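Pasting coords.cif here (mmCIF, C-alpha atoms and all ligand atoms):
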data_final
loop_
_atom_site.label_atom_id
_atom_site.label_comp_id
_atom_site.auth_asym_id
_atom_site.auth_seq_id
_atom_site.Cartn_x
_atom_site.Cartn_y
_atom_site.Cartn_z
CA THR L 1 -5.99 -17.27 19.71
CA ALA L 2 -3.73 -18.42 16.89
CA LYS L 3 -0.73 -20.61 17.58
CA PRO L 4 2.35 -18.36 17.84
CA THR L 5 4.67 -18.50 14.84
CA VAL L 6 8.25 -19.69 15.18
CA THR L 7 9.66 -16.16 15.06
CA GLU L 8 7.15 -14.96 17.67
CA THR L 9 8.27 -17.76 19.97
CA TRP L 10 11.95 -16.91 19.49
CA LEU L 11 11.47 -13.17 19.98
CA ARG L 12 9.67 -13.84 23.23
CA LYS L 13 12.23 -16.36 24.42
CA HIS L 14 15.29 -14.30 23.39
CA ARG L 15 13.90 -10.79 24.02
CA LEU L 16 16.87 -9.67 26.13
CA GLN L 17 19.47 -10.76 23.58
CA TYR L 18 17.43 -9.27 20.75
CA ASN L 19 17.04 -5.94 22.53
CA GLY L 20 20.78 -5.97 23.13
CA ALA L 21 21.13 -5.67 19.35
CA THR L 22 18.22 -3.32 18.59
CA ARG L 23 18.68 -1.03 21.61
CA HIS L 24 22.47 -0.94 21.63
CA PRO L 25 24.14 2.14 23.20
CA PHE L 26 25.33 3.19 19.72
CA ILE L 27 21.73 3.22 18.47
CA LEU L 28 20.50 4.97 21.62
CA SER L 29 23.19 7.62 21.13
CA ILE L 30 21.97 8.29 17.58
CA ARG L 31 18.43 8.59 18.87
CA ASP L 32 19.33 11.00 21.67
CA GLY L 33 21.84 12.98 19.62
CA SER L 34 24.85 12.23 21.81
CA VAL L 35 26.49 10.06 19.14
CA ASN L 36 30.19 10.40 18.63
CA PHE L 37 30.79 11.26 14.97
CA SER L 38 34.01 9.30 14.85
CA SER L 39 31.98 6.21 15.88
CA PHE L 40 29.48 6.95 13.15
CA LYS L 41 32.26 7.25 10.57
CA ARG L 42 33.81 4.00 11.76
CA TRP L 43 30.42 2.30 11.44
CA LEU L 44 29.96 3.77 7.95
CA GLY L 45 33.25 2.44 6.60
CA GLN L 46 32.84 -0.98 8.21
CA ASP L 47 29.24 -1.38 7.12
CA TYR L 48 30.19 -0.63 3.51
CA ILE L 49 32.52 -3.63 3.65
CA PHE L 50 29.85 -5.73 5.31
CA VAL L 51 27.22 -4.85 2.72
CA ARG L 52 29.58 -5.81 -0.08
CA SER L 53 29.93 -9.31 1.42
CA PHE L 54 26.22 -9.38 2.04
CA VAL L 55 25.52 -9.29 -1.73
CA PRO L 56 26.89 -12.78 -2.57
CA PHE L 57 25.18 -14.10 0.56
CA VAL L 58 21.80 -12.80 -0.62
CA ALA L 59 22.57 -14.15 -4.10
CA SER L 60 23.12 -17.61 -2.57
CA ILE L 61 19.73 -17.38 -0.88
CA LEU L 62 18.13 -16.37 -4.16
CA MET L 63 19.55 -19.52 -5.75
CA LYS L 64 18.41 -21.70 -2.85
CA SER L 65 14.92 -20.24 -3.07
CA CYS L 66 14.71 -21.20 -6.74
CA LYS L 67 15.75 -24.76 -5.96
CA GLU L 68 14.15 -25.37 -2.57
CA SER L 69 11.25 -22.99 -2.04
CA SER L 70 7.72 -24.20 -2.63
CA ASP L 71 6.53 -20.64 -2.92
CA GLU L 72 7.33 -18.78 -6.11
CA SER L 73 6.78 -15.35 -4.57
CA ASP L 74 9.87 -15.79 -2.32
CA MET L 75 12.05 -14.98 -5.31
CA GLU L 76 10.52 -11.54 -5.77
CA VAL L 77 11.03 -10.60 -2.14
CA ILE L 78 14.69 -11.66 -2.22
CA LEU L 79 15.24 -9.98 -5.58
CA GLY L 80 13.78 -6.78 -4.12
CA GLY L 81 16.33 -7.09 -1.32
CA MET L 82 19.13 -7.42 -3.87
CA ALA L 83 17.90 -4.33 -5.69
CA SER L 84 17.86 -2.30 -2.49
CA LEU L 85 21.42 -3.45 -1.76
CA ASN L 86 22.51 -1.93 -5.05
CA ASP L 87 20.96 1.31 -3.91
CA GLU L 88 22.54 0.96 -0.51
CA ILE L 89 26.07 0.55 -1.91
CA ASN L 90 25.68 3.79 -3.86
CA TRP L 91 24.29 5.50 -0.79
CA PHE L 92 27.34 4.40 1.23
CA ARG L 93 29.69 5.86 -1.39
CA ASN L 94 27.83 9.14 -1.35
CA GLU L 95 27.60 9.27 2.45
CA ALA L 96 31.28 8.41 2.83
CA SER L 97 32.26 11.32 0.64
CA LYS L 98 30.03 13.66 2.69
CA PHE L 99 31.72 12.52 5.91
CA HIS L 100 35.20 12.40 4.36
CA VAL L 101 35.56 8.67 4.92
CA SER L 102 37.86 7.03 2.38
CA LEU L 103 36.22 3.68 1.61
CA THR L 104 39.27 2.35 -0.23
CA SER L 105 41.40 2.62 2.89
CA VAL L 106 39.00 1.05 5.39
CA VAL L 107 40.59 -1.93 7.12
CA PRO L 108 37.99 -4.50 8.18
CA GLN L 109 37.92 -4.88 11.97
CA ASN L 110 37.74 -8.24 13.74
CA ALA L 111 34.01 -8.18 14.41
CA ASN L 112 33.40 -7.41 10.75
CA VAL L 113 35.77 -10.12 9.51
CA ASN L 114 34.04 -12.64 11.79
CA TYR L 115 30.61 -11.58 10.64
CA CYS L 116 31.62 -11.86 6.97
CA LYS L 117 33.06 -15.34 7.61
CA PHE L 118 29.77 -16.30 9.21
CA LEU L 119 27.94 -15.14 6.06
CA GLU L 120 30.32 -17.20 3.96
CA SER L 121 29.64 -20.31 6.05
CA LEU L 122 25.93 -19.82 5.42
CA MET L 123 26.54 -19.87 1.66
CA SER L 124 27.49 -23.55 1.79
CA PRO L 125 25.12 -25.86 -0.14
CA GLU L 126 24.74 -27.85 3.08
CA ILE L 127 22.84 -24.99 4.69
CA GLU L 128 19.13 -25.42 4.08
CA TYR L 129 17.16 -22.60 2.45
CA SER L 130 15.01 -22.22 5.58
CA VAL L 131 18.09 -21.78 7.78
CA ALA L 132 19.77 -19.29 5.43
CA ILE L 133 16.63 -17.19 5.02
CA THR L 134 16.23 -17.11 8.80
CA ALA L 135 19.66 -15.51 9.10
CA PHE L 136 18.83 -13.12 6.25
CA TRP L 137 15.61 -12.00 7.94
CA ALA L 138 17.37 -11.53 11.32
CA ILE L 139 20.17 -9.45 9.76
CA GLU L 140 17.69 -7.11 8.07
CA ALA L 141 15.28 -7.02 11.02
CA VAL L 142 17.91 -5.92 13.54
CA TYR L 143 18.77 -2.88 11.39
CA GLN L 144 15.12 -2.13 10.70
CA GLU L 145 14.14 -2.24 14.37
CA SER L 146 17.22 -0.35 15.51
CA PHE L 147 16.79 2.58 13.14
CA ALA L 148 12.99 2.60 13.42
CA HIS L 149 13.52 3.02 17.16
CA CYS L 150 15.75 6.03 16.49
CA LEU L 151 12.91 7.60 14.50
CA GLU L 152 10.22 7.07 17.15
CA GLU L 153 8.71 10.13 18.74
CA GLY L 154 10.87 12.19 21.05
CA ASN L 155 14.13 11.63 19.17
CA SER L 156 16.96 14.15 18.85
CA ILE L 157 18.71 12.60 15.86
CA PRO L 158 21.48 14.86 14.55
CA GLN L 159 20.29 16.22 11.21
CA GLU L 160 23.29 14.68 9.42
CA LEU L 161 22.14 11.21 10.51
CA GLN L 162 18.45 11.55 9.74
CA GLU L 163 18.86 9.96 6.30
CA THR L 164 20.71 6.99 7.74
CA CYS L 165 17.87 6.32 10.16
CA GLU L 166 15.30 6.64 7.41
CA ARG L 167 17.19 4.27 5.12
CA TRP L 168 16.51 1.31 7.43
CA GLY L 169 13.75 2.72 9.60
CA ASN L 170 11.29 3.67 6.84
CA ALA L 171 7.94 1.90 6.46
CA GLY L 172 8.88 0.31 3.12
CA PHE L 173 11.91 -1.37 4.66
CA GLY L 174 9.66 -2.45 7.53
CA ALA L 175 7.22 -4.08 5.11
CA TYR L 176 10.09 -5.84 3.34
CA CYS L 177 11.35 -7.22 6.67
CA LYS L 178 7.82 -8.40 7.47
CA SER L 179 7.72 -10.25 4.11
CA LEU L 180 11.00 -11.94 4.98
CA ARG L 181 9.64 -12.86 8.39
CA ASP L 182 6.52 -14.37 6.84
CA ILE L 183 8.70 -16.47 4.53
CA VAL L 184 10.71 -17.67 7.54
CA ASP L 185 7.60 -18.59 9.52
CA HIS L 186 6.10 -20.34 6.55
CA CYS L 187 9.29 -22.35 5.87
CA LEU L 188 9.84 -23.31 9.48
CA GLN L 189 6.26 -24.32 10.03
CA LYS L 190 6.89 -27.14 7.57
CA ALA L 191 10.47 -27.89 8.66
CA SER L 192 11.69 -30.76 10.86
CA PRO L 193 12.41 -29.98 14.55
CA GLU L 194 16.12 -30.39 13.77
CA VAL L 195 16.02 -27.72 11.10
CA VAL L 196 13.98 -25.40 13.35
CA SER L 197 16.59 -25.80 16.13
CA LYS L 198 19.40 -25.17 13.70
CA ALA L 199 17.65 -22.02 12.45
CA GLU L 200 17.24 -20.82 16.05
CA VAL L 201 20.97 -21.25 16.68
CA PHE L 202 21.73 -19.17 13.57
CA PHE L 203 19.19 -16.56 14.59
CA LEU L 204 21.00 -16.16 17.91
CA SER L 205 24.37 -16.02 16.15
CA VAL L 206 23.13 -13.16 14.00
CA VAL L 207 22.01 -11.28 17.12
CA GLU L 208 25.45 -11.78 18.70
CA HIS L 209 27.29 -10.68 15.55
CA GLU L 210 25.11 -7.57 15.37
CA VAL L 211 25.96 -6.65 18.98
CA GLU L 212 29.67 -7.15 18.22
CA PHE L 213 29.32 -5.00 15.13
CA TRP L 214 27.84 -2.11 17.13
CA ASN L 215 30.48 -2.60 19.83
CA MET L 216 33.17 -2.29 17.16
CA SER L 217 31.53 0.89 15.90
CA VAL L 218 31.67 2.59 19.28
CA GLY L 219 35.27 1.42 19.58
CA GLU L 220 34.75 -1.24 22.20
CA ALA L 221 35.79 -4.33 20.32
C1 LIG H 301 26.03 -5.20 10.16
N1 LIG H 301 23.70 -5.71 9.66
C2 LIG H 301 24.80 -5.00 9.35
N2 LIG H 301 24.80 -4.16 8.33
C3 LIG H 301 23.70 -3.99 7.57
N3 LIG H 301 23.72 -3.11 6.54
C4 LIG H 301 22.52 -4.71 7.88
C5 LIG H 301 22.57 -5.57 8.94
C6 LIG H 301 21.23 -4.55 7.12
O1 LIG H 301 21.35 -4.62 5.77
#

Translate this file's structure into structure tokens.
Ligand code: HMH
Amino acid sequence: TAKPTVTETWLRKHRLQYNGATRHPFILSIRDGSVNFSSFKRWLGQDYIFVRSFVPFVASILMKSCKESSDESDMEVILGGMASLNDEINWFRNEASKFHVSLTSVVPQNANVNYCKFLESLMSPEIEYSVAITAFWAIEAVYQESFAHCLEEGNSIPQELQETCERWGNAGFGAYCKSLRDIVDHCLQKASPEVVSKAEVFFLSVVEHEVEFWNMSVGEA
């Protein structure tokens, strides 16, 4: 059998923490239909703010990939991610108006502020491309796995939230996350043990920030 990739090793080693993010009570409540709509609306407003800070972060990765990546196809994958963020921002505006959430009056909560600061720290030129793209993959993968789980057979997703689940749980988004993961594995396979360890620390930080973000959404942070 093939040698496990770096991300396979991490997901095995940190399965409990990872599931804490991808099987959070907020996600489970969407899946089983018991979700509190005021939690959903809180999540919607906060995530809009998050996604707006996510754009410059992804842009910084795009620039690092041009300078540091040995593989020219990385750029297309990251650029595709940027394009889908443009779509996502418009979707948030539309969704917010449907749910009567005023995006201009959303006050960023602590967990969100901390997460955005974390993104900003990863934009520093001192952060290696391989470390930054690891965080990028983890951020996208948590949402993909969470919402794909909602869509799995036997769900009772409220009809109003079906589109949300499909946005991140659809097969295309899954394939995009797999491309990011392949980039990460490819980068880390060639990286020094120090860089691999650093990337693992950032991977775990992403998982923790994601849990805090869901906690904030249900009103427990
Ligand atoms: C908090 N994590 C958070 N928001 C998102 N929109 C994503 C990940 C995926 O883009």

Using only C-alpha atoms, which residue out of L:Val77, L:Met82, L:Ile49, L:Met63 lies closest to Ser179 of chain L?
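Going through L:Val77, L:Met82, L:Ile49, L:Met63 one by one, the smallest distance to Ser179 of chain L is for L:Val77.
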
Contact table chain L vs ligand LIG 301 (chain H), cut-off 8 Å, shortest pair per residue, only C-alpha atoms and all ligand atoms, as JSON lines:
{"residue": "L:Asp47", "atom": "CA", "partner": "H:LIG301", "partner_atom": "N2", "distance": 5.4}
{"residue": "L:Tyr48", "atom": "CA", "partner": "H:LIG301", "partner_atom": "N3", "distance": 7.6}
{"residue": "L:Phe50", "atom": "CA", "partner": "H:LIG301", "partner_atom": "N2", "distance": 6.1}
{"residue": "L:Val51", "atom": "CA", "partner": "H:LIG301", "partner_atom": "N3", "distance": 5.5}
{"residue": "L:Phe54", "atom": "CA", "partner": "H:LIG301", "partner_atom": "O1", "distance": 7.8}
{"residue": "L:Leu85", "atom": "CA", "partner": "H:LIG301", "partner_atom": "O1", "distance": 7.6}
{"residue": "L:Asn112", "atom": "CA", "partner": "H:LIG301", "partner_atom": "C1", "distance": 7.7}
{"residue": "L:Tyr115", "atom": "CA", "partner": "H:LIG301", "partner_atom": "C1", "distance": 7.9}
{"residue": "L:Ile139", "atom": "CA", "partner": "H:LIG301", "partner_atom": "C5", "distance": 4.6}
{"residue": "L:Glu140", "atom": "CA", "partner": "H:LIG301", "partner_atom": "C6", "distance": 4.5}
{"residue": "L:Ala141", "atom": "CA", "partner": "H:LIG301", "partner_atom": "C6", "distance": 7.5}
{"residue": "L:Val142", "atom": "CA", "partner": "H:LIG301", "partner_atom": "C5", "distance": 6.6}
{"residue": "L:Tyr143", "atom": "CA", "partner": "H:LIG301", "partner_atom": "C6", "distance": 5.2}
{"residue": "L:Gln144", "atom": "CA", "partner": "H:LIG301", "partner_atom": "C6", "distance": 7.5}
{"residue": "L:Trp168", "atom": "CA", "partner": "H:LIG301", "partner_atom": "C6", "distance": 7.5}
{"residue": "L:His209", "atom": "CA", "partner": "H:LIG301", "partner_atom": "C1", "distance": 7.8}
{"residue": "L:Glu210", "atom": "CA", "partner": "H:LIG301", "partner_atom": "C1", "distance": 5.8}
{"residue": "L:Phe213", "atom": "CA", "partner": "H:LIG301", "partner_atom": "C1", "distance": 6.0}
{"residue": "L:Trp214", "atom": "CA", "partner": "H:LIG301", "partner_atom": "C1", "distance": 7.8}

So which residues touch Glu153 of chain L within 12 Å, counting all atoms listed in the file, skipping near sequence neighbours fewer than 5 positions away, as a list in words?
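The filter keeps Arg31, Asp32 and Ala148 of chain L.
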
What would the list of residues within 10 Å of (15.4, 0.9, 22.8) (file frame) look like as a ChimeraX atom specification, if only C-alpha atoms are what count?
/L:19-25,27-28,31,145-150,152

Sphere at (24.6, -12.5, 0.4), radius 10 Å, counting only C-alpha atoms: residues as a PDB file with C-alpha atoms, keeping the file's coordinate frame:
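This went into selection12.pdb:
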ATOM      1  CA  PHE L  50      29.850  -5.730   5.310  1.00  0.00           C
ATOM      2  CA  VAL L  51      27.220  -4.850   2.720  1.00  0.00           C
ATOM      3  CA  ARG L  52      29.580  -5.810  -0.080  1.00  0.00           C
ATOM      4  CA  SER L  53      29.930  -9.310   1.420  1.00  0.00           C
ATOM      5  CA  PHE L  54      26.220  -9.380   2.040  1.00  0.00           C
ATOM      6  CA  VAL L  55      25.520  -9.290  -1.730  1.00  0.00           C
ATOM      7  CA  PRO L  56      26.890 -12.780  -2.570  1.00  0.00           C
ATOM      8  CA  PHE L  57      25.180 -14.100   0.560  1.00  0.00           C
ATOM      9  CA  VAL L  58      21.800 -12.800  -0.620  1.00  0.00           C
ATOM     10  CA  ALA L  59      22.570 -14.150  -4.100  1.00  0.00           C
ATOM     11  CA  SER L  60      23.120 -17.610  -2.570  1.00  0.00           C
ATOM     12  CA  ILE L  61      19.730 -17.380  -0.880  1.00  0.00           C
ATOM     13  CA  LEU L  62      18.130 -16.370  -4.160  1.00  0.00           C
ATOM     14  CA  MET L  82      19.130  -7.420  -3.870  1.00  0.00           C
ATOM     15  CA  LEU L  85      21.420  -3.450  -1.760  1.00  0.00           C
ATOM     16  CA  CYS L 116      31.620 -11.860   6.970  1.00  0.00           C
ATOM     17  CA  LEU L 119      27.940 -15.140   6.060  1.00  0.00           C
ATOM     18  CA  GLU L 120      30.320 -17.200   3.960  1.00  0.00           C
ATOM     19  CA  LEU L 122      25.930 -19.820   5.420  1.00  0.00           C
ATOM     20  CA  MET L 123      26.540 -19.870   1.660  1.00  0.00           C
ATOM     21  CA  ALA L 132      19.770 -19.290   5.430  1.00  0.00           C
ATOM     22  CA  PHE L 136      18.830 -13.120   6.250  1.00  0.00           C
TER      23      PHE L 136
END

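Separating atom CA of Asn90 of chain L from atom CA of Gln159 of chain L is a distance of 20.3 Å.
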
I want to know what sits within 8 Å of Phe203 of chain L, based on all atoms listed in the file, with residues of the same chain fewer than 6 positions away left out; could you give that as a compact mmCIF listing (two decimals) with C-alpha atoms, in the coordinates of the input?
# COMPACT_ATOMS: atom_id res chain seq x y z
CA THR L 134 16.23 -17.11 8.80
CA ALA L 135 19.66 -15.51 9.10
CA ALA L 138 17.37 -11.53 11.32

Take atom CA of Arg42 of chain L and atom CA of Gly172 of chain L and report the distance between them in Å, one decimal.
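Atom-to-atom, atom CA of Arg42 of chain L and atom CA of Gly172 of chain L are spaced 26.6 Å apart.
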
Under the rule that all atoms listed in the file are counted, which of L:Ala96, L:Ile78, L:Ala83, L:Val107 is the nearest residue to Gln46 of chain L?
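That would be L:Val107, the residue with the smallest distance to Gln46 of chain L.
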
Please fill the gaps in segment 147-165 of chain L so it has N, CA and C atoms, and write that as a tab-separated table (two decimals), keeping the file's coordinate frame.
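Everything below was put into result01.tsv:
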chain	number	residue	atom	x	y	z
L	147	PHE	N	16.94	1.22	13.69
L	147	PHE	CA	16.79	2.58	13.14
L	147	PHE	C	15.35	3.08	13.23
L	148	ALA	N	14.38	2.16	13.21
L	148	ALA	CA	12.99	2.60	13.42
L	148	ALA	C	12.85	3.13	14.85
L	149	HIS	N	13.56	2.52	15.78
L	149	HIS	CA	13.52	3.02	17.16
L	149	HIS	C	14.10	4.44	17.25
L	150	CYS	N	15.17	4.67	16.51
L	150	CYS	CA	15.75	6.03	16.49
L	150	CYS	C	14.71	7.05	16.06
L	151	LEU	N	13.87	6.66	15.08
L	151	LEU	CA	12.91	7.60	14.50
L	151	LEU	C	11.66	7.82	15.34
L	152	GLU	N	11.44	6.93	16.33
L	152	GLU	CA	10.22	7.07	17.15
L	152	GLU	C	10.17	8.44	17.81
L	153	GLU	N	8.95	8.81	18.19
L	153	GLU	CA	8.71	10.13	18.74
L	153	GLU	C	9.64	10.48	19.91
L	154	GLY	N	10.02	11.72	19.96
L	154	GLY	CA	10.87	12.19	21.05
L	154	GLY	C	12.35	12.06	20.76
L	155	ASN	N	12.71	11.78	19.49
L	155	ASN	CA	14.13	11.63	19.17
L	155	ASN	C	14.82	12.98	18.99
L	156	SER	N	16.15	12.95	19.13
L	156	SER	CA	16.96	14.15	18.85
L	156	SER	C	18.08	13.77	17.89
L	157	ILE	N	17.72	13.06	16.83
L	157	ILE	CA	18.71	12.60	15.86
L	157	ILE	C	19.43	13.81	15.26
L	158	PRO	N	20.77	13.78	15.22
L	158	PRO	CA	21.48	14.86	14.55
L	158	PRO	C	21.03	14.89	13.08
L	159	GLN	N	20.82	16.06	12.57
L	159	GLN	CA	20.29	16.22	11.21
L	159	GLN	C	21.12	15.44	10.18
L	160	GLU	N	22.42	15.38	10.36
L	160	GLU	CA	23.29	14.68	9.42
L	160	GLU	C	23.01	13.17	9.38
L	161	LEU	N	22.36	12.66	10.43
L	161	LEU	CA	22.14	11.21	10.51
L	161	LEU	C	20.69	10.82	10.26
L	162	GLN	N	19.87	11.80	9.99
L	162	GLN	CA	18.45	11.55	9.74
L	162	GLN	C	18.25	10.56	8.58
L	163	GLU	N	18.99	10.80	7.50
L	163	GLU	CA	18.86	9.96	6.30
L	163	GLU	C	19.25	8.51	6.57
L	164	THR	N	20.28	8.34	7.38
L	164	THR	CA	20.71	6.99	7.74
L	164	THR	C	19.57	6.26	8.45
L	165	CYS	N	18.95	6.95	9.40
L	165	CYS	CA	17.87	6.32	10.16
L	165	CYS	C	16.70	5.99	9.25
